[in-house]
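With mmCIF, C-alpha atoms inside, this is work-v9.cif:
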data_my_file
loop_
_atom_site.label_atom_id
_atom_site.label_comp_id
_atom_site.auth_asym_id
_atom_site.auth_seq_id
_atom_site.Cartn_x
_atom_site.Cartn_y
_atom_site.Cartn_z
CA MET A 25 0.00 0.00 0.00
CA ASN A 26 1.29 3.44 -0.98
CA THR A 27 0.38 5.95 1.74
CA GLU A 28 0.68 8.88 -0.63
CA VAL A 29 -1.94 7.39 -2.97
CA VAL A 30 -4.26 6.83 0.00
CA TYR A 31 -3.92 10.51 0.99
CA GLN A 32 -4.56 11.52 -2.62
CA ALA A 33 -7.66 9.28 -2.65
CA LEU A 34 -8.93 10.99 0.50
CA GLU A 35 -8.32 14.40 -1.09
CA LEU A 36 -10.14 13.23 -4.21
CA MET A 37 -13.02 12.10 -1.99
CA TRP A 38 -13.67 15.42 -0.26
CA LYS A 39 -12.99 17.54 -3.31
CA GLY A 40 -15.13 15.26 -5.48
CA MET A 41 -18.12 15.14 -3.14
CA LEU A 42 -17.90 18.89 -2.53
CA SER A 43 -17.86 19.61 -6.29
CA ILE A 44 -20.75 17.25 -6.99
CA PHE A 45 -22.88 18.73 -4.19
CA THR A 46 -21.98 22.26 -5.32
CA VAL A 47 -23.18 21.54 -8.87
CA ILE A 48 -26.29 19.73 -7.68
CA ILE A 49 -27.29 22.36 -5.10
CA LEU A 50 -26.80 25.11 -7.68
CA LEU A 51 -28.97 23.18 -10.13
CA THR A 52 -31.64 22.62 -7.48
CA VAL A 53 -31.85 26.34 -6.73
CA LEU A 54 -31.86 27.23 -10.42
CA VAL A 55 -34.62 24.72 -11.16
CA TYR A 56 -36.76 26.23 -8.37
CA LEU A 57 -36.18 29.65 -9.94
CA ILE A 58 -36.89 28.47 -13.49
CA ASN A 59 -40.09 26.82 -12.35
CA LYS A 60 -41.10 30.02 -10.59
CA PHE A 61 -40.47 32.28 -13.56
CA THR A 62 -41.59 30.04 -16.39
CA ARG A 63 -44.74 28.59 -14.87
CA ASP A 64 -47.29 27.87 -17.58
CA LYS A 65 -49.89 30.55 -18.06
CA ASP A 66 -52.61 27.93 -17.64
CA ASP A 67 -51.28 27.07 -14.21
CA VAL A 68 -51.17 30.72 -13.11
CA GLN A 69 -54.69 31.24 -14.45
CA GLU A 70 -55.91 28.13 -12.62
CA LYS A 71 -54.49 29.39 -9.34
CA SER A 72 -55.97 32.88 -9.72
CA ASP A 73 -59.39 31.33 -10.50
CA LYS A 74 -59.24 29.46 -7.21
CA MET B 23 0.73 -29.60 -42.58
CA SER B 24 1.65 -27.58 -39.49
CA PHE B 25 -0.28 -24.57 -40.85
CA LEU B 26 -3.49 -26.44 -40.05
CA TYR B 27 -2.85 -26.65 -36.32
CA GLU B 28 -0.63 -23.60 -35.75
CA GLY B 29 -3.57 -21.73 -34.18
CA ILE B 30 -4.56 -24.60 -31.92
CA VAL B 31 -1.09 -25.15 -30.46
CA ALA B 32 -0.71 -21.39 -29.91
CA ILE B 33 -3.69 -21.24 -27.49
CA THR B 34 -2.55 -20.33 -23.99
CA PRO B 35 -4.29 -21.30 -20.70
CA ALA B 36 -5.11 -17.59 -20.14
CA GLN B 37 -6.89 -17.50 -23.51
CA ILE B 38 -8.94 -20.54 -22.51
CA VAL B 39 -10.01 -18.62 -19.40
CA MET B 40 -11.05 -15.74 -21.67
CA TYR B 41 -13.14 -18.08 -23.87
CA ALA B 42 -14.91 -19.21 -20.69
CA ILE B 43 -15.49 -15.58 -19.68
CA GLY B 44 -16.79 -14.78 -23.17
CA ILE B 45 -19.21 -17.71 -23.06
CA LEU B 46 -20.28 -16.72 -19.54
CA LEU B 47 -21.06 -13.16 -20.70
CA ILE B 48 -23.06 -14.48 -23.66
CA TYR B 49 -24.89 -16.89 -21.33
CA LEU B 50 -25.72 -14.12 -18.84
CA ALA B 51 -26.92 -11.89 -21.68
CA ILE B 52 -29.15 -14.49 -23.33
CA LYS B 53 -30.28 -16.72 -20.50
CA LYS B 54 -30.40 -14.23 -17.62
CA ASP B 55 -31.17 -11.11 -19.69
CA LEU B 56 -28.39 -9.18 -17.91
CA GLU B 57 -27.54 -6.04 -19.94
CA PRO B 58 -27.69 -8.10 -23.18
CA VAL B 59 -27.12 -5.05 -25.40
CA LEU B 60 -23.56 -4.78 -24.14
CA LEU B 61 -22.67 -8.09 -22.50
CA LEU B 62 -23.43 -10.14 -25.61
CA PRO B 63 -21.18 -8.14 -27.99
CA MET B 64 -18.52 -7.99 -25.28
CA GLY B 65 -18.70 -11.74 -24.75
CA PHE B 66 -18.42 -12.49 -28.45
CA GLY B 67 -15.68 -9.89 -28.90
CA CYS B 68 -13.81 -11.42 -25.97
CA ILE B 69 -13.60 -14.70 -27.90
CA LEU B 70 -12.64 -12.93 -31.14
CA VAL B 71 -9.70 -10.99 -29.68
CA ASN B 72 -8.35 -14.02 -27.84
CA LEU B 73 -8.09 -16.36 -30.81
CA PRO B 74 -4.39 -16.83 -31.62
CA PHE B 75 -3.21 -14.54 -34.46
CA SER B 76 -6.73 -13.07 -34.52
CA GLY B 77 -7.50 -11.10 -37.67
CA VAL B 78 -9.56 -8.59 -35.69
CA LEU B 79 -6.30 -7.28 -34.19
CA ASN B 80 -3.29 -5.79 -35.95
CA GLN B 81 -0.90 -8.60 -36.87
CA THR B 82 2.52 -8.77 -38.45
CA MET B 83 2.51 -11.47 -41.09
CA ALA B 84 5.66 -12.96 -42.57
CA GLY B 85 6.20 -11.74 -46.12
CA ILE B 86 3.24 -9.34 -45.96
CA GLY B 87 3.97 -7.00 -43.08
CA GLU B 88 1.46 -5.41 -40.74
CA THR B 89 -2.25 -5.98 -41.28
CA GLN B 90 -5.00 -3.87 -39.70
CA GLY B 91 -7.56 -5.54 -37.44
CA ILE B 92 -11.07 -4.14 -37.34
CA ILE B 93 -11.60 -4.30 -33.56
CA GLU B 94 -8.23 -2.70 -32.85
CA TRP B 95 -9.02 0.03 -35.40
CA LEU B 96 -12.47 0.61 -33.90
CA PHE B 97 -10.89 0.90 -30.46
CA GLU B 98 -8.21 3.32 -31.61
CA VAL B 99 -10.62 5.55 -33.51
CA GLY B 100 -13.82 5.20 -31.50
CA ILE B 101 -12.50 5.11 -27.94
CA GLU B 102 -8.78 5.78 -27.63
CA ALA B 103 -8.54 8.81 -29.92
CA SER B 104 -11.56 10.81 -28.81
CA GLU B 105 -13.87 8.67 -26.62
CA ALA B 106 -16.35 9.22 -29.46
CA MET B 107 -18.40 6.07 -28.91
CA PRO B 108 -19.32 6.55 -25.23
CA LEU B 109 -19.97 10.23 -25.88
CA LEU B 110 -22.23 9.60 -28.85
CA LEU B 111 -24.12 7.08 -26.76
CA PHE B 112 -24.81 9.88 -24.28
CA ILE B 113 -26.75 11.78 -26.97
CA GLY B 114 -29.08 8.81 -27.21
CA ILE B 115 -29.36 8.45 -23.44
CA GLY B 116 -30.11 12.16 -23.07
CA ALA B 117 -32.82 11.91 -25.70
CA MET B 118 -34.40 9.00 -23.83
CA ILE B 119 -34.60 10.66 -20.42
CA ASP B 120 -37.62 12.62 -19.28
CA PHE B 121 -36.38 14.99 -16.59
CA GLY B 122 -39.98 16.07 -15.86
CA PRO B 123 -40.31 14.21 -12.54
CA LEU B 124 -37.07 15.81 -11.34
CA LEU B 125 -37.98 19.30 -12.55
CA SER B 126 -41.30 19.10 -10.76
CA ASN B 127 -39.63 17.96 -7.53
CA PRO B 128 -36.13 19.53 -7.47
CA LYS B 129 -35.44 18.38 -3.89
CA MET B 130 -34.80 14.93 -5.37
CA PHE B 131 -31.66 16.30 -7.01
CA LEU B 132 -29.78 15.88 -3.74
CA PHE B 133 -30.11 12.10 -3.71
CA GLY B 134 -28.26 11.88 -7.01
CA ALA B 135 -25.31 13.66 -5.41
CA ALA B 136 -25.30 11.58 -2.22
CA ALA B 137 -25.39 8.29 -4.09
CA GLN B 138 -22.08 9.05 -5.82
CA PHE B 139 -20.21 8.45 -2.57
CA GLY B 140 -19.53 4.84 -3.57
CA ILE B 141 -17.20 6.11 -6.30
CA PHE B 142 -14.88 7.69 -3.77
CA ALA B 143 -15.17 4.85 -1.27
CA ALA B 144 -14.07 2.53 -4.08
CA VAL B 145 -11.17 4.84 -5.03
CA LEU B 146 -10.02 4.68 -1.41
CA ALA B 147 -10.41 0.88 -1.33
CA ALA B 148 -8.39 0.60 -4.55
CA ALA B 149 -5.68 2.87 -3.11
CA PHE B 150 -5.50 0.65 -0.02
CA MET B 151 -5.08 -2.37 -2.28
CA GLY B 152 -2.04 -0.83 -3.93
CA PHE B 153 -3.36 0.59 -7.21
CA ASN B 154 -1.87 3.89 -8.37
CA LEU B 155 -4.14 6.97 -8.40
CA ASN B 156 -5.01 6.75 -12.11
CA ASP B 157 -6.10 3.14 -11.80
CA ALA B 158 -7.78 3.66 -8.41
CA ALA B 159 -9.86 6.55 -9.80
CA SER B 160 -10.70 4.53 -12.92
CA ILE B 161 -11.83 1.59 -10.81
CA GLY B 162 -13.77 3.89 -8.49
CA ILE B 163 -15.82 5.27 -11.36
CA ILE B 164 -17.54 1.87 -11.54
CA GLY B 165 -19.56 3.38 -8.69
CA ALA B 166 -21.04 5.86 -11.15
CA ALA B 167 -23.19 2.88 -12.22
CA ASP B 168 -22.86 4.23 -15.72
CA GLY B 169 -21.07 2.15 -18.35
CA PRO B 170 -20.12 4.85 -20.87
CA THR B 171 -18.80 7.13 -18.09
CA SER B 172 -16.70 4.25 -16.71
CA ILE B 173 -15.22 3.54 -20.14
CA LEU B 174 -14.53 7.19 -20.86
CA VAL B 175 -12.94 8.07 -17.51
CA SER B 176 -10.76 4.95 -17.37
CA GLN B 177 -9.65 5.53 -20.95
CA VAL B 178 -8.80 9.21 -20.41
CA LEU B 179 -6.88 8.35 -17.24
CA GLY B 180 -4.89 5.78 -19.20
CA SER B 181 -5.87 2.90 -16.93
CA ASN B 182 -4.45 -0.54 -17.63
CA TYR B 183 -7.79 -2.11 -16.73
CA VAL B 184 -10.33 -0.53 -19.12
CA GLY B 185 -11.72 -3.93 -20.17
CA ALA B 186 -12.13 -5.26 -16.64
CA ILE B 187 -13.68 -1.97 -15.49
CA ALA B 188 -16.24 -2.04 -18.33
CA VAL B 189 -17.18 -5.67 -17.71
CA VAL B 190 -17.51 -5.13 -13.95
CA ALA B 191 -19.49 -1.88 -14.37
CA TYR B 192 -22.05 -3.44 -16.71
CA SER B 193 -22.25 -6.65 -14.70
CA TYR B 194 -23.02 -4.87 -11.43
CA MET B 195 -25.48 -2.55 -13.17
CA ALA B 196 -27.31 -5.67 -14.24
CA LEU B 197 -27.16 -6.97 -10.67
CA VAL B 198 -28.74 -3.85 -9.11
CA PRO B 199 -31.99 -5.77 -8.34
CA ILE B 200 -29.94 -8.17 -6.21
CA ILE B 201 -27.40 -5.82 -4.60
CA GLN B 202 -29.62 -2.88 -3.65
CA PRO B 203 -32.47 -4.65 -1.80
CA ALA B 204 -29.98 -6.39 0.49
CA ILE B 205 -28.27 -3.12 1.47
CA ILE B 206 -31.55 -1.22 1.81
CA LYS B 207 -32.97 -3.88 4.12
CA LEU B 208 -29.83 -3.83 6.20
CA LEU B 209 -30.02 -0.07 6.76
CA THR B 210 -33.75 0.56 7.13
CA THR B 211 -36.56 -0.65 9.35
CA LYS B 212 -39.83 -1.98 7.97
CA LYS B 213 -41.53 1.16 9.31
CA GLU B 214 -39.14 3.37 7.35
CA ARG B 215 -39.68 1.35 4.18
CA MET B 216 -43.42 1.84 4.59
CA ILE B 217 -43.24 5.64 4.66
CA ARG B 218 -45.66 7.07 2.14
CA MET B 219 -44.76 10.19 0.20
CA GLU B 220 -47.34 12.54 -1.14
CA TYR B 221 -46.78 13.29 -4.81
CA LYS B 222 -47.60 16.90 -5.63
CA PRO B 223 -45.89 17.59 -8.93
CA ALA B 224 -45.39 21.23 -9.82
CA ASN B 225 -46.39 22.18 -13.32
CA VAL B 226 -43.28 22.15 -15.52
CA SER B 227 -43.41 24.52 -18.45
CA ARG B 228 -41.96 23.77 -21.87
CA ALA B 229 -39.59 26.70 -21.40
CA ALA B 230 -38.22 25.12 -18.21
CA ARG B 231 -37.67 21.82 -20.02
CA ILE B 232 -35.74 23.63 -22.76
CA ILE B 233 -33.71 25.85 -20.43
CA PHE B 234 -32.80 22.91 -18.17
CA PRO B 235 -30.29 21.08 -20.42
CA ILE B 236 -28.55 24.35 -21.35
CA MET B 237 -28.38 25.37 -17.70
CA VAL B 238 -27.02 22.02 -16.52
CA THR B 239 -24.28 22.12 -19.14
CA ALA B 240 -23.30 25.67 -18.18
CA VAL B 241 -23.27 25.06 -14.42
CA ALA B 242 -21.45 21.72 -14.62
CA GLY B 243 -19.03 23.15 -17.16
CA LEU B 244 -18.14 26.12 -15.00
CA VAL B 245 -17.62 24.08 -11.80
CA ALA B 246 -16.05 21.00 -13.41
CA PRO B 247 -14.86 21.88 -16.94
CA MET B 248 -13.78 18.32 -17.71
CA SER B 249 -17.38 17.20 -17.37
CA VAL B 250 -18.45 19.31 -20.36
CA SER B 251 -18.08 16.55 -22.93
CA LEU B 252 -20.05 14.06 -20.82
CA VAL B 253 -22.71 16.45 -19.53
CA GLY B 254 -22.82 18.39 -22.79
CA PHE B 255 -23.59 15.38 -24.97
CA LEU B 256 -26.12 14.03 -22.47
CA MET B 257 -27.86 17.38 -22.36
CA PHE B 258 -27.62 17.89 -26.12
CA GLY B 259 -29.62 14.69 -26.51
CA ASN B 260 -32.14 15.97 -23.99
CA LEU B 261 -32.43 19.31 -25.78
CA LEU B 262 -33.22 17.45 -29.01
CA ARG B 263 -36.02 15.70 -27.11
CA GLU B 264 -37.47 18.76 -25.44
CA CYS B 265 -37.12 21.43 -28.13
CA GLY B 266 -40.19 20.09 -29.93
CA VAL B 267 -38.96 20.94 -33.43
CA LEU B 268 -36.51 18.07 -33.97
CA ASN B 269 -38.65 15.07 -33.22
CA ASN B 270 -37.11 13.05 -36.04
CA LEU B 271 -33.61 13.65 -34.74
CA SER B 272 -34.68 12.92 -31.18
CA GLU B 273 -36.21 9.62 -32.28
CA ALA B 274 -33.11 8.76 -34.31
CA ALA B 275 -30.91 9.47 -31.29
CA GLN B 276 -33.11 7.32 -29.03
CA THR B 277 -33.26 4.36 -31.39
CA THR B 278 -30.91 4.23 -34.38
CA LEU B 279 -27.94 6.06 -32.89
CA SER B 280 -28.18 4.32 -29.49
CA ASN B 281 -28.55 0.89 -31.06
CA LEU B 282 -25.67 1.38 -33.50
CA ILE B 283 -23.29 2.72 -30.89
CA SER B 284 -24.26 0.07 -28.32
CA LEU B 285 -23.70 -2.61 -30.93
CA LEU B 286 -20.22 -1.32 -31.76
CA LEU B 287 -19.25 -0.21 -28.24
CA GLY B 288 -19.59 -3.70 -26.77
CA ILE B 289 -17.51 -5.43 -29.41
CA THR B 290 -14.99 -2.57 -29.49
CA ILE B 291 -14.39 -2.57 -25.75
CA SER B 292 -13.59 -6.26 -25.99
CA PHE B 293 -10.25 -5.14 -27.45
CA SER B 294 -9.20 -4.44 -23.86
CA MET B 295 -10.16 -8.00 -22.83
CA LYS B 296 -7.07 -9.66 -24.20
CA ALA B 297 -5.87 -12.52 -22.02
CA ASP B 298 -2.49 -11.01 -21.22
CA THR B 299 -4.04 -7.93 -19.62
CA PHE B 300 -7.26 -9.45 -18.28
CA VAL B 301 -6.36 -12.72 -16.60
CA ASN B 302 -4.63 -11.53 -13.45
CA LYS B 303 -5.38 -11.00 -9.77
CA GLU B 304 -6.12 -7.30 -10.38
CA THR B 305 -9.26 -8.25 -12.32
CA LEU B 306 -10.53 -10.14 -9.27
CA LEU B 307 -9.71 -7.15 -7.06
CA ILE B 308 -11.62 -4.87 -9.45
CA LEU B 309 -14.60 -7.23 -9.17
CA LEU B 310 -14.45 -6.88 -5.39
CA ILE B 311 -13.93 -3.10 -5.39
CA GLY B 312 -16.76 -2.66 -7.91
CA LEU B 313 -19.12 -4.38 -5.48
CA THR B 314 -17.87 -2.08 -2.72
CA ALA B 315 -18.72 0.90 -4.93
CA PHE B 316 -22.33 -0.21 -5.48
CA VAL B 317 -22.77 -1.06 -1.78
CA PHE B 318 -21.51 2.36 -0.65
CA ASP B 319 -23.55 4.18 -3.33
CA THR B 320 -26.71 2.56 -2.03
CA ALA B 321 -25.78 2.99 1.62
CA ALA B 322 -24.88 6.68 1.18
CA GLY B 323 -28.16 7.39 -0.61
CA VAL B 324 -30.21 5.69 2.11
CA MET B 325 -28.29 7.35 4.96
CA PHE B 326 -28.61 10.76 3.31
CA ALA B 327 -32.38 10.31 3.10
CA LYS B 328 -32.46 9.36 6.79
CA LEU B 329 -30.39 12.45 7.60
CA MET B 330 -32.84 14.63 5.67
CA ASN B 331 -35.69 13.13 7.68
CA LEU B 332 -34.11 14.43 10.89
CA PHE B 333 -34.64 17.99 9.68
CA SER B 334 -37.70 17.67 7.48
CA LYS B 335 -41.37 17.74 8.41
CA ASN B 336 -42.40 15.74 5.35
CA LYS B 337 -40.59 12.45 5.75
CA VAL B 338 -38.87 10.87 2.79
CA ASN B 339 -38.95 7.12 2.31
CA PRO B 340 -35.21 6.37 2.77
CA MET B 341 -35.31 3.86 -0.07
CA ILE B 342 -35.58 6.84 -2.43
CA GLY B 343 -31.98 7.64 -1.57
CA ALA B 344 -30.86 4.33 -3.02
CA ALA B 345 -32.47 5.28 -6.34
CA GLY B 346 -29.96 8.13 -6.62
CA ILE B 347 -27.55 5.92 -8.53
CA SER B 348 -27.35 6.24 -12.27
CA ALA B 349 -28.65 2.77 -13.19
CA PHE B 350 -31.81 4.06 -14.89
CA PRO B 351 -34.63 3.04 -14.68
CA MET B 352 -33.70 -0.17 -12.90
CA SER B 353 -32.96 1.37 -9.54
CA ALA B 354 -36.25 3.29 -9.40
CA ARG B 355 -38.12 0.10 -10.24
CA VAL B 356 -36.30 -1.85 -7.54
CA VAL B 357 -37.25 0.76 -4.94
CA GLN B 358 -40.89 0.82 -6.07
CA LYS B 359 -41.06 -2.97 -5.95
CA MET B 360 -39.70 -2.99 -2.41
CA ALA B 361 -42.17 -0.30 -1.35
CA LEU B 362 -45.08 -2.33 -2.71
CA LYS B 363 -43.83 -5.46 -0.99
CA GLU B 364 -43.83 -3.71 2.39
CA ASP B 365 -47.06 -1.80 1.85
CA PRO B 366 -49.25 -2.64 -1.15
CA GLY B 367 -50.53 0.67 -2.47
CA ASN B 368 -47.44 2.68 -1.55
CA ILE B 369 -46.58 4.38 -4.85
CA ILE B 370 -43.24 6.17 -4.81
CA ILE B 371 -42.19 5.51 -8.40
CA MET B 372 -42.24 9.18 -9.45
CA GLN B 373 -40.02 10.28 -6.57
CA ALA B 374 -37.71 7.32 -7.19
CA THR B 375 -37.55 8.14 -10.89
CA ALA B 376 -36.70 11.76 -10.07
CA ALA B 377 -33.83 10.62 -7.82
CA ASN B 378 -32.74 8.15 -10.49
CA VAL B 379 -32.49 10.73 -13.29
CA SER B 380 -30.69 13.03 -10.89
CA GLY B 381 -28.19 10.18 -10.46
CA GLN B 382 -27.72 10.20 -14.22
CA ILE B 383 -26.67 13.85 -14.12
CA ALA B 384 -24.61 13.49 -10.92
CA SER B 385 -22.72 10.49 -12.31
CA VAL B 386 -21.52 12.33 -15.42
CA VAL B 387 -20.62 15.33 -13.28
CA ALA B 388 -18.70 12.92 -11.02
CA GLY B 389 -16.84 11.60 -14.06
CA GLY B 390 -15.75 15.10 -15.03
CA VAL B 391 -14.87 16.01 -11.46
CA ILE B 392 -12.66 12.93 -11.12
CA LEU B 393 -10.78 13.83 -14.31
CA SER B 394 -10.25 17.41 -13.11
CA VAL B 395 -9.19 16.54 -9.55
CA VAL B 396 -6.94 13.60 -10.51
CA SER B 397 -5.26 15.80 -13.08
CA SER B 398 -4.63 18.51 -10.48
CA LEU B 399 -3.36 15.97 -7.93
CA LEU B 400 -0.90 14.47 -10.38
CA GLY B 401 0.02 17.76 -12.04
#
Encoded form (structure tokens):
Amino acid sequence: MNTEVVYQALELMWKGMLSIFTVIILLTVLVYLINKFTRDKDDVQEKSDK
Amino acid sequence: MSFLYEGIVAITPAQIVMYAIGILLIYLAIKKDLEPVLLLPMGFGCILVNLPFSGVLNQTMAGIGETQGIIEWLFEVGIEASEAMPLLLFIGIGAMIDFGPLLSNPKMFLFGAAAQFGIFAAVLAAAFMGFNLNDAASIGIIGAADGPTSILVSQVLGSNYVGAIAVVAYSYMALVPIIQPAIIKLLTTKKERMIRMEYKPANVSRAARIIFPIMVTAVAGLVAPMSVSLVGFLMFGNLLRECGVLNNLSEAAQTTLSNLISLLLGITISFSMKADTFVNKETLLILLIGLTAFVFDTAAGVMFAKLMNLFSKNKVNPMIGAAGISAFPMSARVVQKMALKEDPGNIIIMQATAANVSGQIASVVAGGVILSVVSSLLG
């Protein structure tokens, strides 16, 4: 076992998971925003009728 | 008369092992219906490349010189030179996926991220077993549960085990219905598996469906530039599907393109299943580490869902977390089947599908992230 590779693997782990979560959280927020601003007119109409 | 039996006497014991592996892959594809689209061509290709003096590989013939072999050429052009085949396959996959369930329930995105943990657990396991970082990262990407991503990443990283990684990735993807239920049961109680989730889909506009693939490509590209080819081609396929004006192209990507590339990808990847590089103890280790990857993917997804439940009023069925892997739609179906078994009438297929398609995006992002980070670590 090469200790240096193990340390590199650990670094890859935290950097990798952080990057993936960063992308995914950004996408989640953006999807909420897109849904808010591009809601179909029918849907908006339906809600105002109620 | 020796020319008649030259081939037979040249067969090595390792090649005999490869014939057995080839036949096993064909058997699993036909008899067990395990990923037949890829395992069958790979199995047949495995036999082709391991025949002595095989004409599908480049050979040097006395008095003639070097001859070109078709499988070696396909590998050099379609995978080694540009990773064209796995990337083109992503156009087809993107065109097949409906991101609607995810767009209407964006919270499910998070499960796709959590379920990539198995990749990094496997990288660590491979590092402990003595693989160098390039090979460890290539083996770890089996945890992406995504065949084309595994092939592409291991090829770009110059791994010596591309063939073994592809075989193991596709084999475990086919075994998701066996691996995941065992891990889910181990980590959840019956009460947790019976949690019902209300499905209140938000209306998703056509504009949102069109903006989504462009947005994903931009965000992933800015955070992890190496993921652009993977994410970009996946999202290009999805844009073809959602734009509404290229239905013919979308259909061609979903059927003709996907079928053609799958057909060639399987037999092409068999180039890396030559006996001298495949029959060794590392292949067995990769088999073991690959299983570790799938186990940790599933476990991380389930544990993340349980963690969310600690802070959320509306409880999530923790099995949804397991559907965050990229094996689509198999994982979502497995989760739904388990939910019905515990509580007939508990329908969580839409939430599971949302997590599952999120896993598709997260896995290609993970592939790009691994390429970027490994490059910076070795640079």
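Atom CA of B:Ala51 lies 28.5 Å from atom CA of B:Gly343.
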* To do: Taking only C-alpha atoms into account, report as a PyMOL selection string which residues of chain B lie within 9 Å of chain A.
  => chain B and resi 125-132+134-136+138-139+141-143+145-155+158-159+224-230+233-234+237-238+241-242+245-246+380+383-385+387-388+391-392+395-396+399
May I have the selected residues written with C-alpha atoms, as a PDB file, in the frame of the given file?
ATOM      1  CA  LEU B 125     -37.980  19.300 -12.550  1.00  0.00           C
ATOM      2  CA  SER B 126     -41.300  19.100 -10.760  1.00  0.00           C
ATOM      3  CA  ASN B 127     -39.630  17.960  -7.530  1.00  0.00           C
ATOM      4  CA  PRO B 128     -36.130  19.530  -7.470  1.00  0.00           C
ATOM      5  CA  LYS B 129     -35.440  18.380  -3.890  1.00  0.00           C
ATOM      6  CA  MET B 130     -34.800  14.930  -5.370  1.00  0.00           C
ATOM      7  CA  PHE B 131     -31.660  16.300  -7.010  1.00  0.00           C
ATOM      8  CA  LEU B 132     -29.780  15.880  -3.740  1.00  0.00           C
ATOM      9  CA  GLY B 134     -28.260  11.880  -7.010  1.00  0.00           C
ATOM     10  CA  ALA B 135     -25.310  13.660  -5.410  1.00  0.00           C
ATOM     11  CA  ALA B 136     -25.300  11.580  -2.220  1.00  0.00           C
ATOM     12  CA  GLN B 138     -22.080   9.050  -5.820  1.00  0.00           C
ATOM     13  CA  PHE B 139     -20.210   8.450  -2.570  1.00  0.00           C
ATOM     14  CA  ILE B 141     -17.200   6.110  -6.300  1.00  0.00           C
ATOM     15  CA  PHE B 142     -14.880   7.690  -3.770  1.00  0.00           C
ATOM     16  CA  ALA B 143     -15.170   4.850  -1.270  1.00  0.00           C
ATOM     17  CA  VAL B 145     -11.170   4.840  -5.030  1.00  0.00           C
ATOM     18  CA  LEU B 146     -10.020   4.680  -1.410  1.00  0.00           C
ATOM     19  CA  ALA B 147     -10.410   0.880  -1.330  1.00  0.00           C
ATOM     20  CA  ALA B 148      -8.390   0.600  -4.550  1.00  0.00           C
ATOM     21  CA  ALA B 149      -5.680   2.870  -3.110  1.00  0.00           C
ATOM     22  CA  PHE B 150      -5.500   0.650  -0.020  1.00  0.00           C
ATOM     23  CA  MET B 151      -5.080  -2.370  -2.280  1.00  0.00           C
ATOM     24  CA  GLY B 152      -2.040  -0.830  -3.930  1.00  0.00           C
ATOM     25  CA  PHE B 153      -3.360   0.590  -7.210  1.00  0.00           C
ATOM     26  CA  ASN B 154      -1.870   3.890  -8.370  1.00  0.00           C
ATOM     27  CA  LEU B 155      -4.140   6.970  -8.400  1.00  0.00           C
ATOM     28  CA  ALA B 158      -7.780   3.660  -8.410  1.00  0.00           C
ATOM     29  CA  ALA B 159      -9.860   6.550  -9.800  1.00  0.00           C
ATOM     30  CA  ALA B 224     -45.390  21.230  -9.820  1.00  0.00           C
ATOM     31  CA  ASN B 225     -46.390  22.180 -13.320  1.00  0.00           C
ATOM     32  CA  VAL B 226     -43.280  22.150 -15.520  1.00  0.00           C
ATOM     33  CA  SER B 227     -43.410  24.520 -18.450  1.00  0.00           C
ATOM     34  CA  ARG B 228     -41.960  23.770 -21.870  1.00  0.00           C
ATOM     35  CA  ALA B 229     -39.590  26.700 -21.400  1.00  0.00           C
ATOM     36  CA  ALA B 230     -38.220  25.120 -18.210  1.00  0.00           C
ATOM     37  CA  ILE B 233     -33.710  25.850 -20.430  1.00  0.00           C
ATOM     38  CA  PHE B 234     -32.800  22.910 -18.170  1.00  0.00           C
ATOM     39  CA  MET B 237     -28.380  25.370 -17.700  1.00  0.00           C
ATOM     40  CA  VAL B 238     -27.020  22.020 -16.520  1.00  0.00           C
ATOM     41  CA  VAL B 241     -23.270  25.060 -14.420  1.00  0.00           C
ATOM     42  CA  ALA B 242     -21.450  21.720 -14.620  1.00  0.00           C
ATOM     43  CA  VAL B 245     -17.620  24.080 -11.800  1.00  0.00           C
ATOM     44  CA  ALA B 246     -16.050  21.000 -13.410  1.00  0.00           C
ATOM     45  CA  SER B 380     -30.690  13.030 -10.890  1.00  0.00           C
ATOM     46  CA  ILE B 383     -26.670  13.850 -14.120  1.00  0.00           C
ATOM     47  CA  ALA B 384     -24.610  13.490 -10.920  1.00  0.00           C
ATOM     48  CA  SER B 385     -22.720  10.490 -12.310  1.00  0.00           C
ATOM     49  CA  VAL B 387     -20.620  15.330 -13.280  1.00  0.00           C
ATOM     50  CA  ALA B 388     -18.700  12.920 -11.020  1.00  0.00           C
ATOM     51  CA  VAL B 391     -14.870  16.010 -11.460  1.00  0.00           C
ATOM     52  CA  ILE B 392     -12.660  12.930 -11.120  1.00  0.00           C
ATOM     53  CA  VAL B 395      -9.190  16.540  -9.550  1.00  0.00           C
ATOM     54  CA  VAL B 396      -6.940  13.600 -10.510  1.00  0.00           C
ATOM     55  CA  LEU B 399      -3.360  15.970  -7.930  1.00  0.00           C
TER      56      LEU B 399
END
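What the PyMOL selection byres ((chain B and resi 59-74) around 7) grabs from this file is Gly29, Ala32, Ile33, Gln37, Met40, Tyr41, Gly44, Ile45, Leu47, Ile48, Ala51, Glu57, Pro58, Phe75, Ser76, Val78, Leu79, Ser284, Leu285, Gly288, Ile289, Ile291, Ser292, Phe293, Met295, Lys296 and Ala297 of chain B.
For the pair atom CA of B:Gly85 and atom CA of B:Ala36, the interatomic distance is 28.9 Å.
Atom CA of B:Ala196 lies 22.3 Å from atom CA of B:Pro340.
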### Message
If the PyMOL selection byres ((chain B and resi 345) around 10) were run on this exact file, what residues would it hold? Put them as a count of residues only.
### Response
37
Mind listing whatever residues come within 9 Å of the point (-22.0, -6.3, -7.9)? Use all atoms listed in the file, file coordinates, and give them as a PyMOL selection string. chain B and resi 190-191+193-198+200-201+309-310+312-317
Inset, instruction - Evaluate the PyMOL selection byres ((chain B and resi 101) around 10) here and jot the selected residues down as a list of chain:residue names. - result: B:Trp95, B:Leu96, B:Phe97, B:Glu98, B:Val99, B:Gly100, B:Glu102, B:Ala103, B:Ser104, B:Glu105, B:Ala106, B:Met107, B:Pro108, B:Leu109, B:Ile173, B:Leu174, B:Gln177, B:Val178, B:Leu287, B:Thr290, B:Ile291
